[in-house]
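This report concerns only the one structure given below.
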Amino acid sequence: MKKVCVLGDGAWGTAIALLLSDNGYDVNLWCHFKEVADQIKECRENKKNFPGFFLPENILPTTDLQKALDGVDIIFEAIPVEYLREVLEQAKPFIFSNHKFVLLSKGIETKSLMFPYQIVQNIFGEKIEFAVVSGPSFAKDLAAKQITAMTVAGSCDFAKQIQKILANNYCRPYTSQDILGVSFGGAVKNVFALGVGILDGADFGDNTKIFILTRGFASAVELAQKMGANKDTLYGLSGVGDLILTCMGKYSKNLNLGREIGQGKHLNNFDLEVLPEGINTLKSIDKLAKQFKVEMAEADAIYKIIFEKANVAKTIQKLVDLPLSNEC
């Protein structure tokens with residue numbers, strides 16, 4: 001029996017642990033919360049972060065990083081980007097040359113503007129082997145064994161290795177070598193999910209939502225290309241696929257947060273342990289757009305509504321009142 005490690009006891013980390021368990025792997029599941037580790041040991045359920053799913057005995061919870069990393073070669077990382085660097089620094093004494101990372105987090109570190117794979121390289125060096133997994137995949141659907149497709153980006157050999165580890169009769173991974181493009185798509189979709197949610201909460205119609213979504217994504221593709229991503233990647237599973245799911249799906253945290261903001265609730269009034277990734281990603285995208293000199297009017301409008309308390313209707317009307325232009 002092969003053993004792997006999953007870092008992160010949230011919904012996505014737990015869902016991936018279930019998938020790996022189902023595929024015949026023993027899984028060391030590192031839990032940030034002792035409460036979660038104890039719940040899994042006692043009743044085989046992550047009641048705090050992912051209730052309703054039985055976790056088999058080959059999912060082994062622990063709060064000890066050294067124990068979680070012992071005897072494994074492949075580490076699946078599923079930590080909120082905001083806390084990723086801190087956890088990896090704690091893990092550093094137990095990371096060796098045989099270890100390889102699979103990055104599951106979707107976002108951009110606000111201060112450094114690094115994607116998760118770049119944070120890993122920054123801490124462990126450029127030679128560390130890694131892959132990025134992204135795509136339209138809600139944790140609950142995957143855990144319920146609903147057919148799910150995703151993208152694995154990395155070096156050709158390692159991407160194919162992870163593809164085989166994840167694949168089964170309900171999970172279909174595709175490979176890619178465009179690590180930046182896959183990472184960018186997984187991060188930026190949360191920004192526009194916030195925007196669609198805001199419009200929904202403010203009682204705008206579907207026409208307006210699609211206007212903001214499509215025009216906003218067009219400017220995001222321009223930014224991704226200037227950063228070095230492949231345009232085609234953004235129109236695949238990890239780009240448009242994840243965008244559609246996050247902006248339309250019932251489990252979208254960013255969409256639901258946006259709805260509440262659209263209804264008049266301010267960011268400071270949310271009582272959440274961890275805010276959805278889109279909030280910090282929006283700050284990062286705002287900085288990157290300025291750095292690469294890309295006009296992102298729709299993302300800027302979302303930024304102003306969330307962080308500057310701009311009036312939703314007036315802010316959207318300003319987009320409509322911009323000078324007329326060609327679409328492409």
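In the structure tokens, chains take letters A, B, ... by order of appearance, with residues numbered from 1 within each chain and ligands from 1 in the order shown.
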
With 12 Å as the cut-off and only C-alpha atoms counted, what is the closest atom pair between each nearby residue of stretch 84-150 of chain A and stretch 190-208 of chain A? Distances in Å to one decimal, ordered by chain and number, as a Markdown table.
```
| residue | atom | partner | partner_atom | distance |
| --- | --- | --- | --- | --- |
| A:Lys106 | CA | A:Asn190 | CA | 8.8 |
| A:Gly107 | CA | A:Asn190 | CA | 8.4 |
| A:Ile108 | CA | A:Asn190 | CA | 11.0 |
| A:Pro136 | CA | A:Asn190 | CA | 11.7 |
```

Written file, previous selection with C-alpha atoms, as a CSV table (one decimal), in the first residue's frame:
```csv
chain,number,residue,atom,x,y,z
A,106,LYS,CA,-6.1,28.5,-5.7
A,107,GLY,CA,-5.0,32.1,-5.1
A,108,ILE,CA,-2.1,34.6,-5.1
A,136,PRO,CA,-14.0,22.9,-12.0
```

What are the nearest atom pairs, with distances in Å to one decimal, for all residues of stretch 203-299 of chain A that come at most 7 Å from stretch 138-159 of chain A, using only C-alpha atoms, set out by chain and rising residue number as JSON lines?
```
{"residue": "A:Leu237", "atom": "CA", "partner": "A:Met150", "partner_atom": "CA", "distance": 6.3}
{"residue": "A:Ser238", "atom": "CA", "partner": "A:Thr151", "partner_atom": "CA", "distance": 6.3}
{"residue": "A:Tyr251", "atom": "CA", "partner": "A:Phe138", "partner_atom": "CA", "distance": 6.9}
```

Write out as a count of residues only the set of residues from stretch 149-323 of chain A that DSSP, computed on the backbone, places in strand (DSSP E or B).
12

Based on the backbone DSSP call, show me all residues of stretch 121-325 of chain A assigned alpha helix (DSSP H), as a PDB file with C-alpha atoms, in the first residue's frame.
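Full text of part.pdb as output:
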```
ATOM      1  CA  GLN A 121       9.979  27.301  -5.031  1.00  0.00           C
ATOM      2  CA  ASN A 122      10.781  30.352  -2.922  1.00  0.00           C
ATOM      3  CA  ILE A 123      10.991  28.273   0.254  1.00  0.00           C
ATOM      4  CA  PHE A 124      12.469  24.987  -1.005  1.00  0.00           C
ATOM      5  CA  ALA A 139     -15.264  19.330  -2.880  1.00  0.00           C
ATOM      6  CA  LYS A 140     -18.740  17.979  -2.070  1.00  0.00           C
ATOM      7  CA  ASP A 141     -19.340  16.757  -5.611  1.00  0.00           C
ATOM      8  CA  LEU A 142     -15.961  15.023  -5.754  1.00  0.00           C
ATOM      9  CA  ALA A 143     -16.511  13.389  -2.349  1.00  0.00           C
ATOM     10  CA  CYS A 156       5.478  16.069 -18.492  1.00  0.00           C
ATOM     11  CA  ASP A 157       6.529  13.009 -16.462  1.00  0.00           C
ATOM     12  CA  PHE A 158       5.362  14.228 -13.063  1.00  0.00           C
ATOM     13  CA  ALA A 159       2.070  15.571 -14.415  1.00  0.00           C
ATOM     14  CA  LYS A 160       1.381  12.141 -15.930  1.00  0.00           C
ATOM     15  CA  GLN A 161       2.288  10.468 -12.632  1.00  0.00           C
ATOM     16  CA  ILE A 162      -0.197  12.608 -10.698  1.00  0.00           C
ATOM     17  CA  GLN A 163      -2.787  12.112 -13.436  1.00  0.00           C
ATOM     18  CA  LYS A 164      -2.590   8.336 -12.876  1.00  0.00           C
ATOM     19  CA  ILE A 165      -2.729   8.723  -9.075  1.00  0.00           C
ATOM     20  CA  LEU A 166      -5.922  10.810  -9.236  1.00  0.00           C
ATOM     21  CA  ILE A 179       1.760  25.871 -14.870  1.00  0.00           C
ATOM     22  CA  LEU A 180       1.265  29.635 -14.824  1.00  0.00           C
ATOM     23  CA  GLY A 181      -1.905  29.522 -16.912  1.00  0.00           C
ATOM     24  CA  VAL A 182      -3.510  26.815 -14.785  1.00  0.00           C
ATOM     25  CA  SER A 183      -2.560  28.671 -11.593  1.00  0.00           C
ATOM     26  CA  PHE A 184      -3.855  31.995 -12.924  1.00  0.00           C
ATOM     27  CA  GLY A 185      -7.213  30.559 -14.005  1.00  0.00           C
ATOM     28  CA  GLY A 186      -7.759  28.905 -10.644  1.00  0.00           C
ATOM     29  CA  ALA A 187      -7.128  32.191  -8.849  1.00  0.00           C
ATOM     30  CA  VAL A 188      -8.846  34.800 -11.012  1.00  0.00           C
ATOM     31  CA  LYS A 189     -12.194  33.001 -11.293  1.00  0.00           C
ATOM     32  CA  ASN A 190     -12.860  33.789  -7.630  1.00  0.00           C
ATOM     33  CA  VAL A 191     -12.673  37.522  -8.355  1.00  0.00           C
ATOM     34  CA  PHE A 192     -15.483  37.359 -10.892  1.00  0.00           C
ATOM     35  CA  ALA A 193     -17.524  35.007  -8.713  1.00  0.00           C
ATOM     36  CA  LEU A 194     -17.502  37.789  -6.118  1.00  0.00           C
ATOM     37  CA  GLY A 195     -18.687  40.200  -8.813  1.00  0.00           C
ATOM     38  CA  VAL A 196     -21.503  37.951 -10.030  1.00  0.00           C
ATOM     39  CA  GLY A 197     -22.572  37.414  -6.436  1.00  0.00           C
ATOM     40  CA  ILE A 198     -22.628  41.167  -5.774  1.00  0.00           C
ATOM     41  CA  LEU A 199     -24.861  41.733  -8.806  1.00  0.00           C
ATOM     42  CA  ASP A 200     -27.152  38.894  -7.786  1.00  0.00           C
ATOM     43  CA  GLY A 201     -27.453  40.268  -4.259  1.00  0.00           C
ATOM     44  CA  ASP A 206     -28.589  37.797 -15.764  1.00  0.00           C
ATOM     45  CA  ASN A 207     -27.665  40.034 -18.722  1.00  0.00           C
ATOM     46  CA  THR A 208     -25.657  42.300 -16.427  1.00  0.00           C
ATOM     47  CA  LYS A 209     -23.939  39.390 -14.706  1.00  0.00           C
ATOM     48  CA  ILE A 210     -22.818  37.911 -18.018  1.00  0.00           C
ATOM     49  CA  PHE A 211     -21.633  41.329 -19.210  1.00  0.00           C
ATOM     50  CA  ILE A 212     -19.349  41.693 -16.183  1.00  0.00           C
ATOM     51  CA  LEU A 213     -18.276  38.066 -16.327  1.00  0.00           C
ATOM     52  CA  THR A 214     -17.296  37.903 -19.991  1.00  0.00           C
ATOM     53  CA  ARG A 215     -15.735  41.349 -20.319  1.00  0.00           C
ATOM     54  CA  GLY A 216     -13.928  40.925 -17.022  1.00  0.00           C
ATOM     55  CA  PHE A 217     -12.564  37.548 -18.052  1.00  0.00           C
ATOM     56  CA  ALA A 218     -11.384  38.956 -21.393  1.00  0.00           C
ATOM     57  CA  SER A 219      -9.201  41.478 -19.559  1.00  0.00           C
ATOM     58  CA  ALA A 220      -7.989  38.717 -17.236  1.00  0.00           C
ATOM     59  CA  VAL A 221      -6.860  36.657 -20.244  1.00  0.00           C
ATOM     60  CA  GLU A 222      -4.919  39.695 -21.488  1.00  0.00           C
ATOM     61  CA  LEU A 223      -3.189  39.974 -18.109  1.00  0.00           C
ATOM     62  CA  ALA A 224      -2.413  36.247 -18.039  1.00  0.00           C
ATOM     63  CA  GLN A 225      -0.818  36.448 -21.484  1.00  0.00           C
ATOM     64  CA  LYS A 226       1.330  39.412 -20.499  1.00  0.00           C
ATOM     65  CA  MET A 227       2.495  37.423 -17.481  1.00  0.00           C
ATOM     66  CA  LYS A 231      -4.204  31.897 -23.852  1.00  0.00           C
ATOM     67  CA  ASP A 232      -5.622  28.479 -24.745  1.00  0.00           C
ATOM     68  CA  THR A 233      -5.215  27.315 -21.135  1.00  0.00           C
ATOM     69  CA  LEU A 234      -7.594  30.031 -19.954  1.00  0.00           C
ATOM     70  CA  ASP A 242     -13.648  26.758 -13.186  1.00  0.00           C
ATOM     71  CA  LEU A 243     -15.016  30.246 -13.887  1.00  0.00           C
ATOM     72  CA  ILE A 244     -18.444  28.907 -14.888  1.00  0.00           C
ATOM     73  CA  LEU A 245     -18.627  26.530 -11.933  1.00  0.00           C
ATOM     74  CA  THR A 246     -17.602  29.144  -9.362  1.00  0.00           C
ATOM     75  CA  CYS A 247     -19.911  31.802 -10.751  1.00  0.00           C
ATOM     76  CA  MET A 248     -22.941  29.548 -11.124  1.00  0.00           C
ATOM     77  CA  LYS A 253     -18.150  30.487  -1.218  1.00  0.00           C
ATOM     78  CA  ASN A 254     -17.043  33.506  -3.237  1.00  0.00           C
ATOM     79  CA  LEU A 255     -20.396  33.740  -4.986  1.00  0.00           C
ATOM     80  CA  ASN A 256     -22.293  33.560  -1.698  1.00  0.00           C
ATOM     81  CA  LEU A 257     -20.054  36.144  -0.026  1.00  0.00           C
ATOM     82  CA  GLY A 258     -20.568  38.452  -3.000  1.00  0.00           C
ATOM     83  CA  ARG A 259     -24.341  38.105  -2.669  1.00  0.00           C
ATOM     84  CA  GLU A 260     -24.229  39.309   0.904  1.00  0.00           C
ATOM     85  CA  ILE A 261     -22.048  42.267  -0.070  1.00  0.00           C
ATOM     86  CA  GLY A 262     -24.513  43.083  -2.851  1.00  0.00           C
ATOM     87  CA  GLU A 277      -9.747  33.172  -1.532  1.00  0.00           C
ATOM     88  CA  GLY A 278     -11.296  35.748  -3.884  1.00  0.00           C
ATOM     89  CA  ILE A 279     -10.914  38.583  -1.380  1.00  0.00           C
ATOM     90  CA  ASN A 280      -7.122  38.431  -1.223  1.00  0.00           C
ATOM     91  CA  THR A 281      -6.865  37.452  -4.894  1.00  0.00           C
ATOM     92  CA  LEU A 282      -8.764  40.631  -5.818  1.00  0.00           C
ATOM     93  CA  LYS A 283      -6.087  42.696  -4.079  1.00  0.00           C
ATOM     94  CA  SER A 284      -3.358  40.797  -5.920  1.00  0.00           C
ATOM     95  CA  ILE A 285      -5.048  41.083  -9.317  1.00  0.00           C
ATOM     96  CA  ASP A 286      -5.425  44.831  -8.768  1.00  0.00           C
ATOM     97  CA  LYS A 287      -1.665  45.104  -8.158  1.00  0.00           C
ATOM     98  CA  LEU A 288      -0.749  42.852 -11.091  1.00  0.00           C
ATOM     99  CA  ALA A 289      -3.008  44.773 -13.489  1.00  0.00           C
ATOM    100  CA  LYS A 290      -1.192  47.970 -12.581  1.00  0.00           C
ATOM    101  CA  GLN A 291       2.214  46.288 -12.780  1.00  0.00           C
ATOM    102  CA  ALA A 297     -12.349  47.908 -15.522  1.00  0.00           C
ATOM    103  CA  GLU A 298     -14.666  45.138 -14.297  1.00  0.00           C
ATOM    104  CA  ALA A 299     -12.230  43.818 -11.687  1.00  0.00           C
ATOM    105  CA  ASP A 300     -11.573  47.405 -10.620  1.00  0.00           C
ATOM    106  CA  ALA A 301     -15.316  47.948 -10.153  1.00  0.00           C
ATOM    107  CA  ILE A 302     -15.529  44.856  -7.934  1.00  0.00           C
ATOM    108  CA  TYR A 303     -12.532  46.141  -5.956  1.00  0.00           C
ATOM    109  CA  LYS A 304     -14.157  49.529  -5.382  1.00  0.00           C
ATOM    110  CA  ILE A 305     -17.450  47.990  -4.237  1.00  0.00           C
ATOM    111  CA  ILE A 306     -15.760  45.624  -1.764  1.00  0.00           C
ATOM    112  CA  PHE A 307     -12.882  47.689  -0.397  1.00  0.00           C
ATOM    113  CA  VAL A 312     -23.093  49.010  -6.647  1.00  0.00           C
ATOM    114  CA  ALA A 313     -25.535  50.573  -9.124  1.00  0.00           C
ATOM    115  CA  LYS A 314     -23.456  53.708  -9.693  1.00  0.00           C
ATOM    116  CA  THR A 315     -20.243  51.695 -10.110  1.00  0.00           C
ATOM    117  CA  ILE A 316     -21.787  49.369 -12.691  1.00  0.00           C
ATOM    118  CA  GLN A 317     -23.321  52.316 -14.536  1.00  0.00           C
ATOM    119  CA  LYS A 318     -19.846  53.824 -14.901  1.00  0.00           C
ATOM    120  CA  LEU A 319     -18.825  50.696 -16.833  1.00  0.00           C
ATOM    121  CA  VAL A 320     -21.793  51.132 -19.150  1.00  0.00           C
TER     122      VAL A 320
END
```

Which residue out of A:Gly13, A:Gly249, A:Pro276, A:Gly228 has the minimum interatomic distance to A:Leu103 when only C-alpha atoms are used?
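Among the listed residues, the smallest separation from A:Leu103 belongs to A:Gly13.
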
Any idea what's packed within 10 Å of A:Trp30, counting only C-alpha atoms, ignoring anything in its chain fewer than 3 positions away? Could you give it as a VMD selection string?
chain A and resid 5 to 9 13 to 14 27 33 to 34 36 to 37 60 to 69 77 to 78

Counting only C-alpha atoms, which of A:Tyr83, A:Phe130, A:Phe292, A:Tyr235 gets nearest to A:Val274?
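That would be A:Tyr83, the residue with the smallest distance to A:Val274.
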